[in-house]
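Engineer: Structure: structure.txt, compact mmCIF, C-alpha atoms and all ligand atoms.
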```txt
# COMPACT_ATOMS: atom_id res chain seq x y z
CA MET Q 275 123.78 112.61 36.08
CA ARG Q 276 126.18 114.96 34.26
CA THR Q 277 126.02 118.62 35.31
CA THR Q 278 125.60 120.98 32.38
CA LEU Q 279 128.62 123.20 31.80
CA ILE Q 280 128.47 126.53 30.02
CA ALA Q 281 131.87 127.96 29.08
CA GLY Q 282 132.38 131.41 27.58
CA ASN Q 283 135.30 131.87 25.19
CA TRP Q 284 135.88 135.61 24.95
CA LYS Q 285 138.70 135.21 22.42
CA MET Q 286 140.68 138.44 21.79
CA ASN Q 287 137.92 140.89 22.56
CA GLY Q 288 137.29 143.85 24.79
CA ALA Q 289 139.32 146.24 26.82
CA ARG Q 290 140.13 145.79 30.49
CA GLY Q 291 137.24 147.94 31.71
CA ARG Q 292 134.78 146.16 29.42
CA ALA Q 293 135.96 142.78 30.70
CA ARG Q 294 135.41 143.90 34.28
CA GLU Q 295 131.91 145.16 33.46
CA LEU Q 296 131.02 141.96 31.69
CA ILE Q 297 132.13 139.85 34.65
CA GLN Q 298 130.14 141.99 37.07
CA ALA Q 299 127.03 141.74 34.90
CA ILE Q 300 127.37 137.95 34.62
CA ILE Q 301 127.84 137.48 38.36
CA ALA Q 302 124.92 139.79 39.13
CA GLY Q 303 122.62 137.88 36.78
CA LEU Q 304 123.32 134.38 38.08
CA PRO Q 305 121.50 132.64 40.91
CA SER Q 306 123.72 132.07 43.96
CA THR Q 307 123.77 128.29 43.53
CA PRO Q 308 122.94 127.42 39.93
CA ASN Q 309 122.18 123.86 38.85
CA TYR Q 310 124.73 124.21 36.07
CA GLU Q 311 128.43 125.02 36.04
CA ILE Q 312 129.81 128.19 34.45
CA VAL Q 313 133.34 128.97 33.28
CA ILE Q 314 134.63 132.06 31.53
CA CYS Q 315 137.82 132.18 29.50
CA PRO Q 316 138.98 135.77 29.02
CA SER Q 317 142.21 136.83 27.35
CA PHE Q 318 145.37 135.90 29.31
CA VAL Q 319 145.94 139.55 30.24
CA PHE Q 320 142.55 139.86 31.92
CA LEU Q 321 142.95 136.72 34.04
CA PRO Q 322 144.25 138.44 37.21
CA ASP Q 323 141.35 140.92 37.24
CA ALA Q 324 138.90 138.15 36.46
CA ALA Q 325 140.27 135.90 39.22
CA GLU Q 326 139.80 138.69 41.75
CA ALA Q 327 136.30 139.51 40.59
CA LEU Q 328 135.20 135.86 40.51
CA ALA Q 329 136.81 134.82 43.79
CA THR Q 330 133.60 134.61 45.78
CA SER Q 331 131.32 133.71 42.88
CA CYS Q 332 130.17 130.39 41.43
CA VAL Q 333 131.90 131.14 38.12
CA GLY Q 334 135.10 129.27 37.27
CA LEU Q 335 138.04 130.73 35.40
CA GLY Q 336 139.71 129.24 32.34
CA ALA Q 337 142.45 130.16 29.88
CA GLN Q 338 142.13 130.05 26.11
CA ASN Q 339 145.25 127.95 25.67
CA VAL Q 340 148.20 126.56 27.61
CA CYS Q 341 151.82 125.94 26.66
CA ASP Q 342 152.85 122.33 26.11
CA GLN Q 343 156.14 123.05 27.92
CA ASP Q 344 156.56 123.90 31.60
CA GLN Q 345 159.15 126.67 31.41
CA GLY Q 346 161.95 128.15 29.36
CA ALA Q 347 162.49 129.82 26.01
CA TYR Q 348 158.95 129.72 24.62
CA THR Q 349 158.29 133.35 23.74
CA GLY Q 350 154.63 134.29 23.75
CA GLU Q 351 153.46 131.16 25.55
CA VAL Q 352 151.94 130.80 29.03
CA ALA Q 353 152.69 127.77 31.20
CA GLY Q 354 150.09 125.73 33.04
CA ASP Q 355 151.47 126.47 36.50
CA MET Q 356 151.33 130.21 35.75
CA LEU Q 357 147.67 129.84 34.89
CA ALA Q 358 146.96 127.70 37.93
CA GLU Q 359 148.68 130.28 40.16
CA LEU Q 360 146.36 132.95 38.77
CA GLY Q 361 143.32 130.89 39.74
CA CYS Q 362 142.52 129.12 36.48
CA ARG Q 363 141.06 125.64 36.77
CA TRP Q 364 140.34 125.11 33.07
CA ALA Q 365 142.15 125.57 29.78
CA ILE Q 366 140.79 125.38 26.25
CA VAL Q 367 143.08 123.35 23.98
CA GLY Q 368 142.81 122.67 20.26
CA HIS Q 369 140.35 125.44 19.44
CA SER Q 370 139.86 125.45 15.67
CA GLU Q 371 141.18 129.02 15.45
CA ARG Q 372 144.45 127.77 16.97
CA ARG Q 373 144.51 124.79 14.63
CA GLN Q 374 143.62 126.77 11.49
CA LEU Q 375 145.23 130.17 12.02
CA TYR Q 376 148.30 129.14 14.01
CA GLY Q 377 148.91 125.68 12.59
CA GLU Q 378 148.47 123.71 15.81
CA SER Q 379 148.65 120.05 14.87
CA ASN Q 380 146.88 117.16 16.56
CA ALA Q 381 150.20 116.23 18.17
CA LEU Q 382 150.81 119.71 19.58
CA VAL Q 383 147.24 119.92 20.85
CA ALA Q 384 147.71 116.57 22.60
CA SER Q 385 150.85 117.95 24.28
CA ARG Q 386 148.98 121.03 25.40
CA PHE Q 387 146.21 118.77 26.75
CA ALA Q 388 148.85 116.85 28.72
CA ALA Q 389 150.37 120.08 30.08
CA ALA Q 390 146.98 121.26 31.28
CA GLN Q 391 146.40 118.03 33.20
CA ARG Q 392 149.95 118.06 34.59
CA HIS Q 393 149.19 121.40 36.22
CA GLY Q 394 145.77 120.50 37.55
CA LEU Q 395 143.83 122.33 34.85
CA THR Q 396 140.88 120.59 33.23
CA PRO Q 397 141.35 120.67 29.46
CA ILE Q 398 138.38 121.76 27.37
CA PHE Q 399 139.51 119.84 24.32
CA CYS Q 400 138.01 121.10 21.05
CA VAL Q 401 137.35 118.84 18.10
CA GLY Q 402 135.37 119.35 14.92
CA GLU Q 403 135.31 119.09 11.19
CA LYS Q 404 135.47 121.59 8.34
CA LEU Q 405 132.47 122.03 6.04
CA GLU Q 406 134.12 120.17 3.17
CA GLU Q 407 134.92 117.29 5.51
CA ARG Q 408 131.30 117.06 6.60
CA GLU Q 409 130.12 117.23 3.02
CA ALA Q 410 132.55 114.47 2.07
CA GLY Q 411 131.15 112.27 4.86
CA ALA Q 412 134.45 112.46 6.76
CA THR Q 413 133.18 113.94 10.04
CA GLU Q 414 133.71 110.77 12.07
CA ALA Q 415 137.15 110.13 10.59
CA VAL Q 416 138.25 113.65 11.52
CA LEU Q 417 136.90 113.34 15.06
CA ASP Q 418 138.54 109.97 15.41
CA GLU Q 419 141.95 111.30 14.40
CA GLN Q 420 141.67 114.25 16.80
CA LEU Q 421 140.64 111.99 19.69
CA ARG Q 422 143.26 109.36 18.89
CA ALA Q 423 146.09 111.91 19.15
CA VAL Q 424 145.14 112.50 22.80
CA PHE Q 425 144.66 108.82 23.62
CA GLU Q 426 148.05 107.98 22.12
CA HIS Q 427 149.70 110.72 24.13
CA GLN Q 428 147.83 110.40 27.42
CA GLY Q 429 146.57 106.84 27.51
CA ALA Q 430 143.12 105.28 27.55
CA GLN Q 431 141.90 107.23 30.59
CA ALA Q 432 142.76 110.64 29.11
CA PHE Q 433 139.23 111.96 29.31
CA ARG Q 434 138.45 111.02 32.91
CA SER Q 435 139.42 114.54 33.93
CA ALA Q 436 138.70 116.52 30.80
CA ILE Q 437 135.85 118.03 28.85
CA ILE Q 438 135.39 117.63 25.11
CA ALA Q 439 133.87 120.43 23.04
CA TYR Q 440 132.47 119.40 19.67
CA GLU Q 441 132.77 122.50 17.52
CA PRO Q 442 132.04 122.01 13.83
CA ILE Q 443 134.25 124.63 12.20
CA TRP Q 444 131.53 125.66 9.77
CA ALA Q 445 129.35 126.69 12.72
CA ILE Q 446 131.87 128.80 14.65
CA GLY Q 447 131.17 132.51 14.42
CA THR Q 448 129.11 131.99 11.26
CA GLY Q 449 125.61 132.17 12.69
CA ARG Q 450 125.05 128.70 11.19
CA THR Q 451 124.36 126.30 14.04
CA ALA Q 452 124.46 122.52 13.76
CA THR Q 453 120.98 121.05 13.95
CA PRO Q 454 120.23 119.31 17.24
CA GLU Q 455 120.36 116.00 15.30
CA GLN Q 456 123.80 116.80 13.82
CA ALA Q 457 125.12 117.79 17.24
CA GLN Q 458 123.64 114.69 18.91
CA GLY Q 459 125.06 112.43 16.19
CA ALA Q 460 128.59 113.77 16.60
CA HIS Q 461 128.40 113.74 20.41
CA ALA Q 462 127.16 110.15 20.48
CA TYR Q 463 129.99 109.16 18.15
CA ILE Q 464 132.56 110.85 20.42
CA ARG Q 465 131.14 109.19 23.53
CA ASN Q 466 131.21 105.78 21.87
CA ARG Q 467 134.80 106.24 20.77
CA VAL Q 468 135.81 107.19 24.31
CA ALA Q 469 133.97 104.09 25.60
CA GLU Q 470 135.95 101.91 23.19
CA TYR Q 471 139.27 103.29 24.40
CA ASP Q 472 138.42 103.54 28.10
CA ASP Q 473 135.24 101.97 29.45
CA ALA Q 474 131.55 102.60 29.13
CA GLY Q 475 131.19 103.90 32.71
CA ALA Q 476 133.87 106.56 32.27
CA ALA Q 477 132.49 107.59 28.88
CA ALA Q 478 129.02 107.96 30.39
CA GLU Q 479 130.43 110.49 32.90
CA LEU Q 480 132.31 112.53 30.28
CA ARG Q 481 130.88 115.95 29.55
CA ILE Q 482 130.72 116.83 25.87
CA LEU Q 483 129.90 120.46 25.05
CA TYR Q 484 128.56 121.75 21.77
CA GLY Q 485 130.07 124.95 20.31
CA GLY Q 486 129.19 126.85 17.18
CA SER Q 487 126.81 129.83 17.07
CA VAL Q 488 124.93 128.90 20.24
CA LYS Q 489 122.41 131.65 20.99
CA PRO Q 490 119.61 132.10 23.53
CA GLU Q 491 117.13 130.93 20.87
CA ASN Q 492 118.77 127.59 20.11
CA ALA Q 493 120.54 126.74 23.37
CA GLN Q 494 117.81 124.79 25.08
CA THR Q 495 117.06 122.51 22.13
CA LEU Q 496 120.75 121.73 21.79
CA PHE Q 497 121.30 121.17 25.52
CA ARG Q 498 118.29 118.82 25.65
CA GLN Q 499 119.99 116.32 23.33
CA PRO Q 500 120.96 113.26 25.37
CA ASP Q 501 124.69 113.51 24.67
CA VAL Q 502 125.00 117.32 24.76
CA ASP Q 503 126.16 118.43 28.21
CA GLY Q 504 126.31 122.17 27.69
CA GLY Q 505 128.07 124.61 25.42
CA LEU Q 506 131.27 126.42 24.56
CA ILE Q 507 130.01 129.86 23.69
CA GLY Q 508 131.96 132.40 21.66
CA GLY Q 509 130.22 135.53 20.36
CA ALA Q 510 127.17 135.30 22.64
CA SER Q 511 129.38 135.10 25.75
CA LEU Q 512 130.44 138.72 25.13
CA HIS Q 513 126.90 139.94 25.87
CA ALA Q 514 125.85 139.40 29.46
CA ASP Q 515 122.14 139.10 28.69
CA ASP Q 516 122.70 136.52 25.96
CA PHE Q 517 125.21 134.54 27.99
CA LEU Q 518 122.91 134.52 31.02
CA ALA Q 519 120.00 133.36 28.88
CA ILE Q 520 122.16 130.53 27.54
CA CYS Q 521 123.17 129.65 31.11
CA ARG Q 522 119.50 129.47 32.10
CA ALA Q 523 118.91 127.13 29.16
CA GLY Q 524 121.39 124.82 30.91
CA ASP Q 525 119.05 124.55 33.90
CA LEU Q 526 117.44 121.34 32.68
C1 LIG N 601 133.95 129.36 19.79
O1 LIG N 601 134.73 130.20 19.42
O2 LIG N 601 134.36 128.42 20.50
C2 LIG N 601 132.57 129.47 19.38
C3 LIG N 601 131.77 128.46 19.56
O3 LIG N 601 132.18 130.67 18.81
P1 LIG N 601 130.68 131.12 18.42
O4 LIG N 601 129.79 130.78 19.58
O5 LIG N 601 130.79 132.60 18.20
O6 LIG N 601 130.31 130.37 17.20
```
Here is the file; what I need is its structure written in the form of C-alpha cells.
Ligand code: PEP

Structural biologist:
Amino acid sequence: MRTTLIAGNWKMNGARGRARELIQAIIAGLPSTPNYEIVICPSFVFLPDAAEALATSCVGLGAQNVCDQDQGAYTGEVAGDMLAELGCRWAIVGHSERRQLYGESNALVASRFAAAQRHGLTPIFCVGEKLEEREAGATEAVLDEQLRAVFEHQGAQAFRSAIIAYEPIWAIGTGRTATPEQAQGAHAYIRNRVAEYDDAGAAAELRILYGGSVKPENAQTLFRQPDVDGGLIGGASLHADDFLAICRAGDL
C-alpha cells in the first residue's frame, strides 16, 4: 500500500514573516499522526526558518531544486549537502518552470536527480507535456524521453528512492486541471515504463504525484485514481486552508 504524499511547492512567493505564518497554520491544522505524508518546499532562503519550525512536526522539508555539482564555482546554485545539512529530505528536480524558463535540459535534470540521491535527498522528479504535445498525441513520447534521461544516467533502479510528479504543463498555474482519466492514463503509462526498466514490484511501490491546478474541490477525485499517489501543489499550497483541505483529501 503506497502512502499518499502531498507536497507544497511555494515557488518564489511570500516574505519571511508570511512563510512563518503559513507553516504555523499548516502545522496547527494537521492531525498529529496523519495517514498521509506532507512535504513543503519553500524558497531556499526560508529553509532554515522552516526547518526550525517543522522540527517536531510531521511535515517534511524539501527544496525546489538542487545543484548537479557538489561544490565549487557554481554561482547561484545550492548543493545537495547544504540542503541536507539544513534539514531537507526532498528536492524537486525538473520542474517545468526550470525546464521552460531556465532552459534545464533532460540531461541536466538527470544530473540534478543524481545529485539529490547522492546527498540522501529524495528527488521529486517532474515530468509532463506541453499542450501542443498533448494535442499532437505526443504525451507518451515526451514522458518516455524525460524518464529515459534519468534511467540512462542513474540505471534501471533509479526510481526505487524517488518520487515522480506528473505535471502536464498546460495545467500548471492555469486553473485547468487534467481530468481524472487523463491523469490516470499518464500515471499508468509512467508506472508501466518504470516496470519495463526495473521490475514490476519496484514500479508498484513507486509513488507518482499529480500536479497542475489541484484544488480542494478536485483533489479527492484525482487522488482516488489507482495510479495517483498524491499531489504536487503549487498555488493552493500558499493558502493554509486550501492546502489542509487537499491534505485531508489524501486521507483515503
Ligand atoms: C506546480 O507548480 O508544481 C503546480 C502544480 O502549480 P499549481 O498547483 O499552481 O498548478

Engineer: Restricting the calculation to only C-alpha atoms and all ligand atoms: of Q:Val468, Q:Ala436, Q:Cys400, Q:Val383, which residue gets closest to ligand LIG 601 (chain N)?

Structural biologist: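 Looking at the shortest contact to ligand LIG 601 (chain N), the residue is Q:Cys400.
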
Engineer: Can you build me a table of chain Q residues sitting at most 9 Å from ligand LIG 601 (chain N), with the closest atom pair per residue and its distance in Å to one decimal, using all atoms listed in the file, sorted by chain and residue number, as a tab-separated table?

Structural biologist:
```
residue	atom	partner	partner_atom	distance
Q:Ala281	CA	N:LIG601	O2	8.9
Q:Gly282	CA	N:LIG601	O2	7.9
Q:Asn283	CA	N:LIG601	O2	5.9
Q:Trp284	CA	N:LIG601	O1	7.8
Q:Lys285	CA	N:LIG601	O1	7.1
Q:His369	CA	N:LIG601	O2	6.8
Q:Ser370	CA	N:LIG601	O2	7.9
Q:Glu371	CA	N:LIG601	O1	7.7
Q:Cys400	CA	N:LIG601	O2	8.2
Q:Ala439	CA	N:LIG601	O2	8.4
Q:Glu441	CA	N:LIG601	C3	6.4
Q:Pro442	CA	N:LIG601	C3	8.6
Q:Ile443	CA	N:LIG601	O6	8.6
Q:Trp444	CA	N:LIG601	O6	8.9
Q:Ala445	CA	N:LIG601	O6	5.9
Q:Ile446	CA	N:LIG601	O6	3.4
Q:Gly447	CA	N:LIG601	O6	3.6
Q:Thr448	CA	N:LIG601	O6	6.3
Q:Gly449	CA	N:LIG601	O6	6.8
Q:Arg450	CA	N:LIG601	O6	8.2
Q:Thr451	CA	N:LIG601	O6	7.9
Q:Tyr484	CA	N:LIG601	C3	7.8
Q:Gly485	CA	N:LIG601	C3	4.0
Q:Gly486	CA	N:LIG601	O6	3.7
Q:Ser487	CA	N:LIG601	O6	3.5
Q:Val488	CA	N:LIG601	O4	5.3
Q:Lys489	CA	N:LIG601	O4	7.6
Q:Gly505	CA	N:LIG601	C3	7.9
Q:Leu506	CA	N:LIG601	C3	5.4
Q:Ile507	CA	N:LIG601	O4	4.2
Q:Gly508	CA	N:LIG601	O3	3.3
Q:Gly509	CA	N:LIG601	O5	3.7
Q:Ala510	CA	N:LIG601	O4	6.1
Q:Ser511	CA	N:LIG601	O4	7.5
```

Engineer: So, with only C-alpha atoms as the atoms that count, which of Q:Ala460, Q:Gly361, Q:Ser331, Q:Val502 lies closest to Ile312 in chain Q?

Structural biologist: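 Using only C-alpha atoms, Ile312 in chain Q sits closest to Q:Ser331.
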
Engineer: Set the distance at 9 Å and use all atoms listed in the file: which residues neighbour Leu496 in chain Q once local chain neighbours fewer than 3 positions away are removed? I'd like the list as number ranges by chain.

Structural biologist: Q: 452-455, 457-458, 484, 488, 492-493, 499, 502, 504-505

Engineer: Could you check how far CA of Asp501 in chain Q sits from CA of Ala469 in chain Q, in Å to one decimal?

Structural biologist: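 Between CA of Asp501 in chain Q and CA of Ala469 in chain Q the gap is 13.3 Å.
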
Engineer: Please provide as a VMD selection string all residues within 7 Å of Leu335 in chain Q, with the sequence filter that same-chain residues fewer than 5 positions apart are discarded (counting all atoms listed in the file).

Structural biologist: chain Q and resid 313 to 315 325 361 to 364

Engineer: Calculate how many Å separate CA of Gly303 in chain Q from CA of Leu518 in chain Q, rounding to one decimal.

Structural biologist: 6.7 Å

Engineer: For CA of Val352 in chain Q and CA of Asn339 in chain Q, determine how far apart the two atoms are, in Å to one decimal place.

Structural biologist: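 Computing the Euclidean distance for CA of Val352 in chain Q and CA of Asn339 in chain Q yields 8.0 Å.
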
Engineer: Tell me which of Q:Gln298, Q:Ala365, Q:His427, Q:Thr278 sits closest to Arg498 in chain Q, counting all atoms listed in the file.

Structural biologist: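 That would be Q:Thr278, the residue with the smallest distance to Arg498 in chain Q.
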
Engineer: Excluding Gly354 in chain Q and residues on its chain fewer than 3 positions from it, collect all residues at most 7 Å away from it, counting all atoms listed in the file, and give them as a list in words.

Structural biologist: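 In the requested format, the answer is Val340, Cys341, Asp344, Leu357, Ala358, Ala389, Ala390 and His393 of chain Q.
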
Engineer: Rank Q:Ile437, Q:Val367, Q:Ala324, Q:Ala337 by their smallest atom-to-atom distance to Met286 in chain Q, using all atoms listed in the file, and report the top residue only.

Structural biologist: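 Under the stated criterion, the closest residue is Q:Ala337.
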
Engineer: Measuring between only C-alpha atoms, which one of Q:Glu295, Q:Glu351, Q:Glu419, Q:Glu311 shows the shortest distance to Ser379 in chain Q?

Structural biologist: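 Comparing Q:Glu295, Q:Glu351, Q:Glu419, Q:Glu311 against Ser379 in chain Q, the winner is Q:Glu419.
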
Engineer: Could you check the closest approach to Val416 in chain Q for each of Q:Gln374, Q:Ser385, Q:Gln343, Q:Asn380 and tell me which residue wins, using all atoms listed in the file?

Structural biologist: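 Nearest to Val416 in chain Q: Q:Asn380.
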
Engineer: I'd like the contact shell of range 411-415 of chain Q - 10 Å cut-off, all atoms listed in the file, skipping same-chain residues fewer than 2 positions apart - returned as a list of chain:residue names.

Structural biologist: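 Those residues are Q:Gly402, Q:Glu403, Q:Lys404, Q:Leu405, Q:Glu406, Q:Glu407, Q:Arg408, Q:Glu409, Q:Leu417, Q:Asp418, Q:Glu419, Q:Gln420, Q:Leu421, Q:Pro442, Q:Gly459, Q:Ala460, Q:Tyr463, Q:Ile464, Q:Arg467.
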
Engineer: Box for range 330-346 of chain Q - axis-aligned, 5 Å on each of the six sides, all listed atoms - centre and size in Å to one decimal, as AutoDock Vina command-line options.

Structural biologist:
```
--center_x 146.1 --center_y 128.5 --center_z 35.7 --size_x 41.8 --size_y 22.3 --size_z 30.1
```

Engineer: Using the atoms already present, construct N, CA and C atoms for range 431-461 of chain Q and hand them back as a PDB file, in the coordinates of the input.

Structural biologist:
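The resulting file, result-v5.pdb, is shown below:
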```pdb
ATOM      1  N   GLN Q 431     142.764 106.534  29.621  1.00  0.00           N
ATOM      2  CA  GLN Q 431     141.900 107.230  30.590  1.00  0.00           C
ATOM      3  C   GLN Q 431     141.986 108.749  30.459  1.00  0.00           C
ATOM      4  N   ALA Q 432     142.492 109.201  29.306  1.00  0.00           N
ATOM      5  CA  ALA Q 432     142.760 110.640  29.110  1.00  0.00           C
ATOM      6  C   ALA Q 432     141.587 111.532  29.467  1.00  0.00           C
ATOM      7  N   PHE Q 433     140.377 111.058  29.173  1.00  0.00           N
ATOM      8  CA  PHE Q 433     139.230 111.960  29.310  1.00  0.00           C
ATOM      9  C   PHE Q 433     138.498 111.815  30.635  1.00  0.00           C
ATOM     10  N   ARG Q 434     139.109 111.119  31.595  1.00  0.00           N
ATOM     11  CA  ARG Q 434     138.450 111.020  32.910  1.00  0.00           C
ATOM     12  C   ARG Q 434     138.465 112.352  33.643  1.00  0.00           C
ATOM     13  N   SER Q 435     139.448 113.201  33.334  1.00  0.00           N
ATOM     14  CA  SER Q 435     139.420 114.540  33.930  1.00  0.00           C
ATOM     15  C   SER Q 435     139.612 115.564  32.820  1.00  0.00           C
ATOM     16  N   ALA Q 436     138.678 115.571  31.924  1.00  0.00           N
ATOM     17  CA  ALA Q 436     138.700 116.520  30.800  1.00  0.00           C
ATOM     18  C   ALA Q 436     137.266 116.711  30.310  1.00  0.00           C
ATOM     19  N   ILE Q 437     137.123 117.730  29.505  1.00  0.00           N
ATOM     20  CA  ILE Q 437     135.850 118.030  28.850  1.00  0.00           C
ATOM     21  C   ILE Q 437     136.154 117.995  27.345  1.00  0.00           C
ATOM     22  N   ILE Q 438     135.227 117.513  26.562  1.00  0.00           N
ATOM     23  CA  ILE Q 438     135.390 117.630  25.110  1.00  0.00           C
ATOM     24  C   ILE Q 438     134.367 118.647  24.607  1.00  0.00           C
ATOM     25  N   ALA Q 439     134.811 119.506  23.687  1.00  0.00           N
ATOM     26  CA  ALA Q 439     133.870 120.430  23.040  1.00  0.00           C
ATOM     27  C   ALA Q 439     133.820 120.082  21.557  1.00  0.00           C
ATOM     28  N   TYR Q 440     132.647 119.648  21.108  1.00  0.00           N
ATOM     29  CA  TYR Q 440     132.470 119.400  19.670  1.00  0.00           C
ATOM     30  C   TYR Q 440     132.098 120.727  19.024  1.00  0.00           C
ATOM     31  N   GLU Q 441     132.992 121.209  18.167  1.00  0.00           N
ATOM     32  CA  GLU Q 441     132.770 122.500  17.520  1.00  0.00           C
ATOM     33  C   GLU Q 441     132.967 122.352  16.013  1.00  0.00           C
ATOM     34  N   PRO Q 442     131.890 122.076  15.288  1.00  0.00           N
ATOM     35  CA  PRO Q 442     132.040 122.010  13.830  1.00  0.00           C
ATOM     36  C   PRO Q 442     132.526 123.370  13.322  1.00  0.00           C
ATOM     37  N   ILE Q 443     133.599 123.364  12.567  1.00  0.00           N
ATOM     38  CA  ILE Q 443     134.250 124.630  12.200  1.00  0.00           C
ATOM     39  C   ILE Q 443     133.315 125.522  11.393  1.00  0.00           C
ATOM     40  N   TRP Q 444     132.466 124.899  10.593  1.00  0.00           N
ATOM     41  CA  TRP Q 444     131.530 125.660   9.770  1.00  0.00           C
ATOM     42  C   TRP Q 444     130.451 126.373  10.592  1.00  0.00           C
ATOM     43  N   ALA Q 445     130.374 126.064  11.875  1.00  0.00           N
ATOM     44  CA  ALA Q 445     129.350 126.690  12.720  1.00  0.00           C
ATOM     45  C   ALA Q 445     129.931 127.756  13.642  1.00  0.00           C
ATOM     46  N   ILE Q 446     131.270 127.873  13.687  1.00  0.00           N
ATOM     47  CA  ILE Q 446     131.870 128.800  14.650  1.00  0.00           C
ATOM     48  C   ILE Q 446     131.876 130.215  14.094  1.00  0.00           C
ATOM     49  N   GLY Q 447     131.183 131.107  14.796  1.00  0.00           N
ATOM     50  CA  GLY Q 447     131.170 132.510  14.420  1.00  0.00           C
ATOM     51  C   GLY Q 447     130.458 132.790  13.105  1.00  0.00           C
ATOM     52  N   THR Q 448     129.742 131.823  12.584  1.00  0.00           N
ATOM     53  CA  THR Q 448     129.110 131.990  11.260  1.00  0.00           C
ATOM     54  C   THR Q 448     127.614 132.261  11.360  1.00  0.00           C
ATOM     55  N   GLY Q 449     127.057 132.047  12.540  1.00  0.00           N
ATOM     56  CA  GLY Q 449     125.610 132.170  12.690  1.00  0.00           C
ATOM     57  C   GLY Q 449     124.898 130.900  12.232  1.00  0.00           C
ATOM     58  N   ARG Q 450     125.654 129.962  11.672  1.00  0.00           N
ATOM     59  CA  ARG Q 450     125.050 128.700  11.190  1.00  0.00           C
ATOM     60  C   ARG Q 450     125.273 127.634  12.258  1.00  0.00           C
ATOM     61  N   THR Q 451     124.226 127.259  12.935  1.00  0.00           N
ATOM     62  CA  THR Q 451     124.360 126.300  14.040  1.00  0.00           C
ATOM     63  C   THR Q 451     124.117 124.880  13.516  1.00  0.00           C
ATOM     64  N   ALA Q 452     124.794 123.912  14.085  1.00  0.00           N
ATOM     65  CA  ALA Q 452     124.460 122.520  13.760  1.00  0.00           C
ATOM     66  C   ALA Q 452     123.021 122.256  14.205  1.00  0.00           C
ATOM     67  N   THR Q 453     122.324 121.414  13.477  1.00  0.00           N
ATOM     68  CA  THR Q 453     120.980 121.050  13.950  1.00  0.00           C
ATOM     69  C   THR Q 453     121.159 120.202  15.221  1.00  0.00           C
ATOM     70  N   PRO Q 454     120.128 120.158  16.048  1.00  0.00           N
ATOM     71  CA  PRO Q 454     120.230 119.310  17.240  1.00  0.00           C
ATOM     72  C   PRO Q 454     120.585 117.865  16.867  1.00  0.00           C
ATOM     73  N   GLU Q 455     120.082 117.386  15.729  1.00  0.00           N
ATOM     74  CA  GLU Q 455     120.360 116.000  15.300  1.00  0.00           C
ATOM     75  C   GLU Q 455     121.843 115.859  14.911  1.00  0.00           C
ATOM     76  N   GLN Q 456     122.373 116.866  14.200  1.00  0.00           N
ATOM     77  CA  GLN Q 456     123.800 116.800  13.820  1.00  0.00           C
ATOM     78  C   GLN Q 456     124.680 116.820  15.074  1.00  0.00           C
ATOM     79  N   ALA Q 457     124.330 117.700  16.016  1.00  0.00           N
ATOM     80  CA  ALA Q 457     125.120 117.790  17.240  1.00  0.00           C
ATOM     81  C   ALA Q 457     125.032 116.456  17.998  1.00  0.00           C
ATOM     82  N   GLN Q 458     123.812 115.952  18.167  1.00  0.00           N
ATOM     83  CA  GLN Q 458     123.640 114.690  18.910  1.00  0.00           C
ATOM     84  C   GLN Q 458     124.408 113.560  18.237  1.00  0.00           C
ATOM     85  N   GLY Q 459     124.365 113.501  16.914  1.00  0.00           N
ATOM     86  CA  GLY Q 459     125.060 112.430  16.190  1.00  0.00           C
ATOM     87  C   GLY Q 459     126.561 112.471  16.459  1.00  0.00           C
ATOM     88  N   ALA Q 460     127.140 113.659  16.376  1.00  0.00           N
ATOM     89  CA  ALA Q 460     128.590 113.770  16.600  1.00  0.00           C
ATOM     90  C   ALA Q 460     128.939 113.485  18.060  1.00  0.00           C
ATOM     91  N   HIS Q 461     128.122 113.970  18.989  1.00  0.00           N
ATOM     92  CA  HIS Q 461     128.400 113.740  20.410  1.00  0.00           C
ATOM     93  C   HIS Q 461     128.321 112.248  20.757  1.00  0.00           C
TER      94      HIS Q 461
END
```
